[in-house]
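Colleague: What follows is target.cif; its format and atoms are mmCIF, C-alpha atoms.
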data_structure
#
loop_
_atom_site.label_atom_id
_atom_site.label_comp_id
_atom_site.auth_asym_id
_atom_site.auth_seq_id
_atom_site.Cartn_x
_atom_site.Cartn_y
_atom_site.Cartn_z
CA MET A 1 42.30 -4.58 -1.52
CA SER A 2 45.69 -2.93 -1.07
CA ASP A 3 46.08 -4.78 2.22
CA ILE A 4 45.51 -8.08 0.51
CA SER A 5 47.90 -7.44 -2.35
CA ALA A 6 50.52 -6.23 0.14
CA THR A 7 50.48 -9.64 1.85
CA LEU A 8 51.01 -11.47 -1.45
CA PRO A 9 54.52 -12.78 -2.11
CA ALA A 10 56.60 -10.63 -4.44
CA ASP A 11 56.64 -13.29 -7.18
CA GLY A 12 52.83 -13.52 -7.16
CA PRO A 13 50.52 -12.72 -10.05
CA LYS A 14 51.42 -9.50 -11.78
CA GLN A 15 47.93 -8.36 -12.80
CA PRO A 16 45.89 -6.67 -10.05
CA LEU A 17 43.37 -8.73 -8.14
CA VAL A 18 39.84 -8.41 -9.50
CA PHE A 19 36.81 -9.04 -7.39
CA LEU A 20 33.59 -10.22 -8.96
CA ASP A 21 31.39 -7.96 -6.84
CA THR A 22 31.79 -4.77 -8.85
CA ALA A 23 28.11 -3.73 -9.00
CA GLU A 24 27.70 -0.05 -8.18
CA HIS A 25 24.94 -0.80 -5.70
CA HIS A 26 24.62 -3.65 -3.30
CA PRO A 27 22.23 -3.53 -0.36
CA VAL A 28 23.44 -4.16 3.16
CA ASN A 29 21.13 -7.11 3.49
CA GLY A 30 18.06 -8.50 1.83
CA THR A 31 15.48 -7.42 4.40
CA LEU A 32 13.95 -4.69 2.28
CA LEU A 33 13.81 -6.94 -0.77
CA GLY A 34 12.32 -9.74 1.30
CA PHE A 35 9.73 -7.39 2.69
CA TRP A 36 8.90 -6.26 -0.81
CA VAL A 37 8.33 -9.88 -1.82
CA TYR A 38 5.99 -10.25 1.18
CA LEU A 39 4.08 -7.17 0.03
CA MET A 40 3.76 -8.65 -3.44
CA SER A 41 2.30 -11.84 -1.96
CA ASP A 42 -0.10 -9.69 0.05
CA CYS A 43 -0.98 -8.05 -3.22
CA LEU A 44 -2.12 -11.45 -4.49
CA ILE A 45 -4.43 -11.87 -1.48
CA PHE A 46 -6.03 -8.55 -2.27
CA ALA A 47 -6.24 -9.47 -5.97
CA CYS A 48 -8.28 -12.55 -5.05
CA LEU A 49 -10.55 -10.50 -2.80
CA PHE A 50 -10.97 -7.86 -5.51
CA ALA A 51 -11.81 -10.61 -8.00
CA ALA A 52 -14.39 -12.04 -5.58
CA TYR A 53 -15.92 -8.61 -5.17
CA GLY A 54 -15.84 -8.05 -8.92
CA VAL A 55 -17.81 -11.27 -9.40
CA LEU A 56 -20.23 -10.89 -6.48
CA GLY A 57 -20.45 -7.13 -6.13
CA ARG A 58 -23.81 -6.87 -7.92
CA GLU A 59 -25.46 -9.93 -6.35
CA TYR A 60 -27.74 -8.21 -3.88
CA ALA A 61 -30.06 -11.19 -3.17
CA GLY A 62 -32.96 -8.78 -2.75
CA GLY A 63 -31.07 -6.95 -0.03
CA PRO A 64 -29.75 -3.41 -0.01
CA THR A 65 -27.76 -2.31 -3.04
CA ALA A 66 -24.38 -0.64 -3.00
CA GLN A 67 -26.04 2.60 -4.01
CA GLU A 68 -28.28 2.44 -0.96
CA VAL A 69 -25.76 1.59 1.73
CA LEU A 70 -22.39 3.06 0.69
CA GLU A 71 -21.84 6.62 1.82
CA LEU A 72 -19.38 8.49 -0.34
CA PRO A 73 -18.78 11.53 1.93
CA ALA A 74 -17.47 9.25 4.69
CA VAL A 75 -15.26 7.46 2.16
CA ALA A 76 -13.92 10.79 0.93
CA VAL A 77 -12.93 11.68 4.48
CA ASN A 78 -11.34 8.24 4.95
CA THR A 79 -9.38 8.59 1.71
CA THR A 80 -8.14 12.00 2.80
CA LEU A 81 -7.01 10.63 6.17
CA LEU A 82 -5.09 7.77 4.59
CA LEU A 83 -3.46 9.94 1.93
CA LEU A 84 -2.43 12.49 4.58
CA SER A 85 -1.01 9.70 6.72
CA SER A 86 1.04 8.56 3.72
CA ILE A 87 2.65 11.95 3.28
CA THR A 88 3.26 12.39 7.03
CA TYR A 89 5.00 9.01 7.04
CA GLY A 90 7.07 10.31 4.14
CA PHE A 91 8.08 13.29 6.28
CA ALA A 92 9.06 10.88 9.05
CA VAL A 93 11.35 9.05 6.61
CA LEU A 94 12.88 12.37 5.53
CA ALA A 95 13.54 13.27 9.18
CA MET A 96 15.05 9.81 9.70
CA GLN A 97 17.43 10.35 6.78
CA LYS A 98 18.68 13.50 8.52
CA ASN A 99 19.00 11.62 11.82
CA GLN A 100 16.44 13.92 13.46
CA ARG A 101 14.94 11.66 16.09
CA ASN A 102 12.31 13.88 17.69
CA PRO A 103 10.79 15.37 14.52
CA MET A 104 10.64 11.84 13.15
CA LEU A 105 8.77 10.62 16.23
CA VAL A 106 6.32 13.52 15.96
CA TRP A 107 5.59 12.65 12.32
CA LEU A 108 5.16 8.98 13.24
CA VAL A 109 2.68 9.91 15.99
CA ILE A 110 0.72 12.11 13.55
CA THR A 111 0.70 9.22 11.08
CA GLY A 112 -0.62 6.93 13.78
CA LEU A 113 -3.39 9.36 14.74
CA LEU A 114 -4.49 9.70 11.11
CA GLY A 115 -4.47 5.92 10.74
CA ALA A 116 -6.48 5.54 13.95
CA GLY A 117 -8.99 8.07 12.60
CA PHE A 118 -9.27 6.00 9.44
CA ILE A 119 -9.95 2.81 11.38
CA THR A 120 -12.46 4.54 13.65
CA LEU A 121 -14.46 5.84 10.69
CA GLU A 122 -14.36 2.45 9.01
CA LEU A 123 -15.53 0.64 12.14
CA ARG A 124 -18.37 3.15 12.51
CA GLU A 125 -19.38 2.46 8.91
CA PHE A 126 -19.33 -1.30 9.57
CA ALA A 127 -21.33 -0.91 12.79
CA HIS A 128 -23.88 1.22 10.98
CA LEU A 129 -24.23 -1.33 8.16
CA ILE A 130 -24.70 -4.20 10.60
CA SER A 131 -27.20 -2.20 12.67
CA ILE A 132 -29.44 -1.58 9.63
CA GLY A 133 -29.41 -5.28 8.78
CA ALA A 134 -26.79 -5.03 6.05
CA GLY A 135 -24.24 -7.29 7.74
CA PRO A 136 -21.93 -9.67 5.89
CA GLN A 137 -24.50 -12.48 6.05
CA ARG A 138 -27.17 -10.51 4.14
CA SER A 139 -25.99 -10.98 0.54
CA ALA A 140 -23.04 -12.01 -1.59
CA PHE A 141 -22.34 -8.35 -2.26
CA LEU A 142 -22.10 -7.56 1.44
CA SER A 143 -20.04 -10.68 2.18
CA SER A 144 -17.43 -9.79 -0.41
CA PHE A 145 -17.58 -6.12 0.58
CA PHE A 146 -16.93 -6.85 4.25
CA THR A 147 -14.16 -9.33 3.42
CA LEU A 148 -12.30 -6.99 1.10
CA VAL A 149 -12.66 -3.76 3.08
CA GLY A 150 -12.27 -5.61 6.37
CA THR A 151 -9.03 -7.24 5.27
CA HIS A 152 -7.66 -3.85 4.33
CA GLY A 153 -8.77 -2.46 7.69
CA LEU A 154 -7.11 -5.38 9.46
CA HIS A 155 -3.86 -4.56 7.66
CA VAL A 156 -4.09 -0.92 8.72
CA THR A 157 -4.71 -2.07 12.31
CA CYS A 158 -1.59 -4.26 12.16
CA GLY A 159 0.31 -1.28 10.76
CA LEU A 160 -0.83 0.82 13.71
CA ILE A 161 0.32 -1.81 16.21
CA TRP A 162 3.66 -2.01 14.38
CA LEU A 163 3.89 1.79 14.50
CA VAL A 164 3.45 1.82 18.28
CA VAL A 165 6.07 -0.93 18.69
CA LEU A 166 8.45 0.96 16.41
CA ILE A 167 8.04 4.23 18.32
CA THR A 168 8.84 2.34 21.53
CA GLN A 169 11.92 0.81 19.93
CA VAL A 170 13.18 4.19 18.71
CA LEU A 171 12.56 5.72 22.16
CA LYS A 172 14.55 2.92 23.79
CA LYS A 173 17.38 2.40 21.30
CA GLY A 174 17.46 5.56 19.22
CA LEU A 175 17.97 5.77 15.49
CA ILE A 176 20.21 2.75 15.10
CA THR A 177 20.56 1.05 11.73
CA ALA A 178 18.18 -1.76 12.69
CA ASN A 179 15.48 0.73 13.61
CA LYS A 180 16.00 2.66 10.38
CA ARG A 181 15.53 -0.56 8.46
CA ARG A 182 12.31 -1.24 10.37
CA ILE A 183 11.08 2.28 9.67
CA LEU A 184 11.69 1.77 5.95
CA CYS A 185 9.87 -1.58 6.04
CA LEU A 186 6.85 -0.03 7.75
CA SER A 187 7.06 2.82 5.24
CA MET A 188 6.67 0.34 2.40
CA PHE A 189 3.83 -1.41 4.25
CA TRP A 190 2.00 1.86 4.91
CA HIS A 191 2.32 3.19 1.36
CA PHE A 192 1.31 -0.23 0.05
CA LEU A 193 -1.91 -0.04 2.09
CA ASP A 194 -2.60 3.32 0.52
CA VAL A 195 -2.13 1.76 -2.92
CA VAL A 196 -4.66 -0.94 -2.02
CA TRP A 197 -7.05 1.70 -0.72
CA VAL A 198 -6.88 3.47 -4.10
CA GLY A 199 -8.22 0.24 -5.58
CA VAL A 200 -10.87 -0.07 -2.84
CA PHE A 201 -12.34 3.38 -3.14
CA SER A 202 -12.29 3.29 -6.93
CA PHE A 203 -13.48 -0.26 -7.53
CA VAL A 204 -15.78 -0.80 -4.54
CA TYR A 205 -17.15 2.57 -3.54
CA LEU A 206 -17.09 4.82 -6.60
CA MET A 207 -17.97 2.12 -9.13
CA GLY A 208 -20.40 0.51 -6.66
CA VAL A 209 -22.64 3.54 -6.44
CA LEU A 210 -22.75 4.06 -10.20
CA PRO A 211 -26.29 3.43 -11.46
CA MET B 1 19.10 9.69 27.26
CA SER B 2 22.88 9.52 27.34
CA ALA B 3 22.69 6.01 25.95
CA HIS B 4 20.61 7.34 23.10
CA ASP B 5 23.08 10.16 22.37
CA GLU B 6 25.87 7.66 22.25
CA LEU B 7 23.96 5.51 19.81
CA HIS B 8 23.03 8.56 17.83
CA ALA B 9 26.65 9.60 17.52
CA HIS B 10 27.53 6.06 16.57
CA GLY B 11 25.00 6.27 13.77
CA ASP B 12 26.54 9.50 12.54
CA ASP B 13 30.06 8.10 12.51
CA HIS B 14 29.00 5.21 10.34
CA GLY B 15 26.65 7.02 8.04
CA HIS B 16 27.51 4.82 5.11
CA ASP B 17 26.38 1.75 7.06
CA ASP B 18 22.90 3.26 7.29
CA ASP B 19 22.60 3.44 3.55
CA LEU B 20 19.60 1.22 3.07
CA GLY B 21 19.19 1.96 -0.58
CA ILE B 22 16.31 4.41 -0.41
CA HIS B 23 16.87 8.11 -0.95
CA ALA B 24 13.63 9.94 -0.36
CA THR B 25 13.35 13.63 -1.15
CA PHE B 26 10.89 16.28 0.02
CA SER B 27 10.09 17.34 -3.53
CA GLY B 28 9.44 13.73 -4.50
CA TYR B 29 6.93 13.24 -1.68
CA MET B 30 5.20 16.54 -2.41
CA THR B 31 4.96 15.77 -6.12
CA GLY B 32 3.44 12.40 -5.35
CA PHE B 33 1.05 13.91 -2.83
CA ALA B 34 -0.14 16.66 -5.19
CA LEU B 35 -0.67 14.21 -8.04
CA SER B 36 -2.52 11.81 -5.70
CA VAL B 37 -4.84 14.57 -4.49
CA VAL B 38 -5.71 15.55 -8.05
CA LEU B 39 -6.19 11.93 -9.10
CA THR B 40 -8.43 11.31 -6.07
CA VAL B 41 -10.53 14.46 -6.32
CA ILE B 42 -11.39 13.95 -10.01
CA PRO B 43 -13.12 10.54 -9.63
CA PHE B 44 -14.96 11.58 -6.44
CA TRP B 45 -16.14 14.73 -8.23
CA LEU B 46 -17.24 12.70 -11.26
CA VAL B 47 -19.37 10.38 -9.14
CA MET B 48 -20.63 12.65 -6.37
CA GLY B 49 -21.43 15.50 -8.76
CA HIS B 50 -23.14 13.15 -11.24
CA VAL B 51 -21.01 14.65 -13.98
CA ILE B 52 -21.11 11.64 -16.28
CA THR B 53 -24.49 9.97 -16.64
CA LYS B 54 -23.28 6.92 -18.55
CA SER B 55 -22.09 4.31 -16.03
CA SER B 56 -19.69 2.47 -18.31
CA THR B 57 -17.86 5.66 -19.32
CA ALA B 58 -17.57 6.74 -15.69
CA ALA B 59 -16.29 3.28 -14.69
CA VAL B 60 -13.58 3.33 -17.35
CA ILE B 61 -12.45 6.81 -16.30
CA ILE B 62 -12.41 5.83 -12.60
CA LEU B 63 -10.35 2.71 -13.28
CA ALA B 64 -7.93 4.60 -15.52
CA LEU B 65 -7.40 7.31 -12.89
CA ALA B 66 -6.91 4.64 -10.21
CA ALA B 67 -4.28 2.91 -12.36
CA VAL B 68 -2.43 6.20 -12.87
CA GLN B 69 -2.59 6.96 -9.14
CA ILE B 70 -1.21 3.52 -8.28
CA VAL B 71 1.74 4.19 -10.59
CA VAL B 72 2.23 7.59 -8.94
CA HIS B 73 2.27 5.95 -5.48
CA MET B 74 4.73 3.32 -6.69
CA ILE B 75 7.17 5.88 -8.04
CA TYR B 76 6.99 8.69 -5.49
CA PHE B 77 6.03 6.89 -2.25
CA LEU B 78 7.43 3.38 -2.70
CA HIS B 79 10.51 4.67 -4.59
CA MET B 80 10.11 2.04 -7.23
CA ASN B 81 12.57 2.11 -10.10
CA ALA B 82 14.35 -0.41 -12.27
CA LYS B 83 17.60 -0.11 -10.30
CA SER B 84 16.50 -0.64 -6.69
CA GLU B 85 17.77 -3.88 -5.15
CA GLY B 86 19.55 -4.65 -8.39
CA GLY B 87 16.31 -4.88 -10.35
CA TRP B 88 14.76 -7.62 -8.20
CA ASN B 89 12.09 -5.26 -6.86
CA MET B 90 10.91 -4.51 -10.35
CA LEU B 91 11.03 -8.16 -11.35
CA ALA B 92 8.86 -9.19 -8.39
CA LEU B 93 6.48 -6.33 -9.15
CA VAL B 94 6.10 -7.24 -12.81
CA PHE B 95 5.51 -10.89 -11.92
CA THR B 96 2.87 -9.88 -9.38
CA ILE B 97 1.14 -7.56 -11.83
CA VAL B 98 0.93 -10.39 -14.35
CA LEU B 99 -0.64 -12.67 -11.72
CA VAL B 100 -3.03 -9.96 -10.54
CA VAL B 101 -4.19 -9.20 -14.07
CA ILE B 102 -4.76 -12.90 -14.80
CA THR B 103 -6.63 -13.40 -11.52
CA LEU B 104 -8.83 -10.32 -11.86
CA SER B 105 -9.64 -10.36 -15.55
CA GLY B 106 -9.88 -14.15 -15.67
CA SER B 107 -12.28 -14.41 -12.72
CA ILE B 108 -14.51 -11.58 -13.82
CA TRP B 109 -14.57 -12.69 -17.46
CA ILE B 110 -15.35 -16.33 -16.72
CA MET B 111 -17.92 -15.62 -14.04
CA TYR B 112 -19.63 -13.05 -16.25
CA HIS B 113 -20.01 -15.66 -18.99
CA LEU B 114 -21.16 -18.28 -16.50
CA ASN B 115 -23.89 -15.92 -15.33
CA SER B 116 -25.08 -15.07 -18.82
CA ASN B 117 -24.98 -18.69 -19.99
CA MET B 118 -26.91 -19.99 -17.00
CA MET B 119 -29.96 -21.92 -18.16
CA PRO B 120 -33.30 -20.34 -17.22
CA SER B 121 -34.45 -23.45 -15.32
CA MET B 122 -31.45 -23.13 -13.03
CA MET B 123 -32.36 -19.52 -12.26
CA ASP B 124 -35.78 -20.54 -10.91
CA PRO B 125 -35.56 -20.46 -7.09
CA SER B 126 -37.88 -23.49 -6.81
CA ASN B 127 -35.21 -25.62 -8.52
CA LEU B 128 -32.56 -24.70 -5.99
CA PRO B 129 -31.68 -27.37 -3.43
#
What do you get writing this file as structure tokens?
Modeller:
Amino acid sequence: MSDISATLPADGPKQPLVFLDTAEHHPVNGTLLGFWVYLMSDCLIFACLFAAYGVLGREYAGGPTAQEVLELPAVAVNTTLLLLSSITYGFAVLAMQKNQRNPMLVWLVITGLLGAGFITLELREFAHLISIGAGPQRSAFLSSFFTLVGTHGLHVTCGLIWLVVLITQVLKKGLITANKRRILCLSMFWHFLDVVWVGVFSFVYLMGVLP
Amino acid sequence: MSAHDELHAHGDDHGHDDDLGIHATFSGYMTGFALSVVLTVIPFWLVMGHVITKSSTAAVIILALAAVQIVVHMIYFLHMNAKSEGGWNMLALVFTIVLVVITLSGSIWIMYHLNSNMMPSMMDPSNLP
């Protein structure tokens, strides 16, 4: 600003130059906001799937009921894994803020292992359901159940792939600004999946097994 | 490795360029985590321990706890507040919540009434195509 006014001719305007952009906070670019908007649109996908489950969740078509096939202990373990992975990702972000590359990578790897454990348990649950004849084609309840929980699992799988790519990028390029932005985007994605999972275990599992 | 150190130092020199608008704190994450654990354990205990026998009461409590936990996640993990990104984050969130509430409550409400208003002849499997 002083540079600009110094180049003005002496008989220029007497009042100081005023710039319109005086907000106390302006982001470097819109990536994080754009990613947030994507997450909100993802939220709408899950809302539709939750609505479908809410409508169809008690239509057993003579097949197994939620009470018979859903196993709460496994879900409790899964919930624990995902919640732990959320907090370990938080620790990774904290390490990133302090520019500590190696601790951050360790936390990211732990997050990835917890997420992989989550997916493994979920796939085992799906395989078990299909093996006892409670596959998605059995009843409307199971169709909507597999669609909703499967879509969430697919998101977690994508998050895991992203995590591996991100770790590679940090190993190659270090903690540059672009990588930090990516880490924050994945952070939002990962915590968002935990938010969706809160809805899944409450609405599908816990309310499903209620008599 | 040397290339990394160089980049690392570059990042340190221009610390203000790395300001991406999110300032996470350890205490914030731990608060969110502790609250989430409590809000997760209570509903699991209610259902697995058969504490509440009435289904509708248990369902309301489970949904209320889930709603509180989602707010906790939003504040402590997703760093949501009215100021981030100049308020646009919050605006998008509020808009989405409105759509989600309409979608969920609307679908469940209408389909519930469709089910209960179905004529008995239509419920007979022999009348199905």
Colleague: At most 12 Å is the cut-off: for each residue in region 84-133 of chain A with any atom that close to an atom of region 33-49 of chain B, write down the nearest atom pair and the distance in Å rounded to one decimal, counting all atoms listed in the file, chain first then increasing number, as JSON lines.
Modeller:
{"residue": "A:Leu84", "atom": "CA", "partner": "B:Phe33", "partner_atom": "CA", "distance": 8.3}
{"residue": "A:Ser85", "atom": "CA", "partner": "B:Phe33", "partner_atom": "CA", "distance": 10.6}
{"residue": "A:Ser86", "atom": "CA", "partner": "B:Phe33", "partner_atom": "CA", "distance": 8.5}
{"residue": "A:Ile87", "atom": "CA", "partner": "B:Phe33", "partner_atom": "CA", "distance": 6.6}
{"residue": "A:Thr88", "atom": "CA", "partner": "B:Phe33", "partner_atom": "CA", "distance": 10.2}
{"residue": "A:Tyr89", "atom": "CA", "partner": "B:Phe33", "partner_atom": "CA", "distance": 11.7}
{"residue": "A:Gly90", "atom": "CA", "partner": "B:Phe33", "partner_atom": "CA", "distance": 9.9}
{"residue": "A:Phe91", "atom": "CA", "partner": "B:Phe33", "partner_atom": "CA", "distance": 11.5}
Colleague: Using only C-alpha atoms, determine which residues of chain A fall within 8 Å of chain B; present them as a count of residues only.
Modeller: 49
Colleague: For CA of Leu81 (chain A) and CA of Leu114 (chain A), determine how far apart the two atoms are, in Å to one decimal place.
Modeller: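 Going from CA of Leu81 (chain A) over to CA of Leu114 (chain A) covers 5.6 Å.
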Colleague: Set the distance at 9 Å and use all atoms listed in the file: which residues neighbour region 100-102 of chain A once local chain neighbours fewer than 2 positions away are removed? I'd like the list as a list in words.
Modeller: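 Selected residues are Leu94, Ala95, Met96, Gln97, Lys98, Met104, Leu105, Val106, Trp107, Val170, Leu171, Gly174 and Leu175 of chain A; His8 of chain B.
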Colleague: Rounded to one decimal, what separation in Å do you get between CA of Gln67 (chain A) and CA of Leu49 (chain A)?
Modeller: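 Between CA of Gln67 (chain A) and CA of Leu49 (chain A) the gap is 20.3 Å.
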Colleague: Using CA of Thr151 (chain A) and CA of Leu121 (chain A) as the two end points, give the distance in Å to one decimal.
Modeller: 15.2 Å
Colleague: Grab all the atoms of region 145-154 of chain A that the file lists, wrap them in a box along x, y and z, add 8 Å per side, and give me centre plus edge lengths in Å (one decimal) as JSON.
Modeller:
{"center_x": -12.3, "center_y": -5.9, "center_z": 5.0, "size_x": 26.5, "size_y": 22.9, "size_z": 24.9}
Colleague: Evaluate the PyMOL selection byres ((chain A and resi 149) around 12) on the structure here and hand back the selected residues as a count of residues only.
Modeller: 36
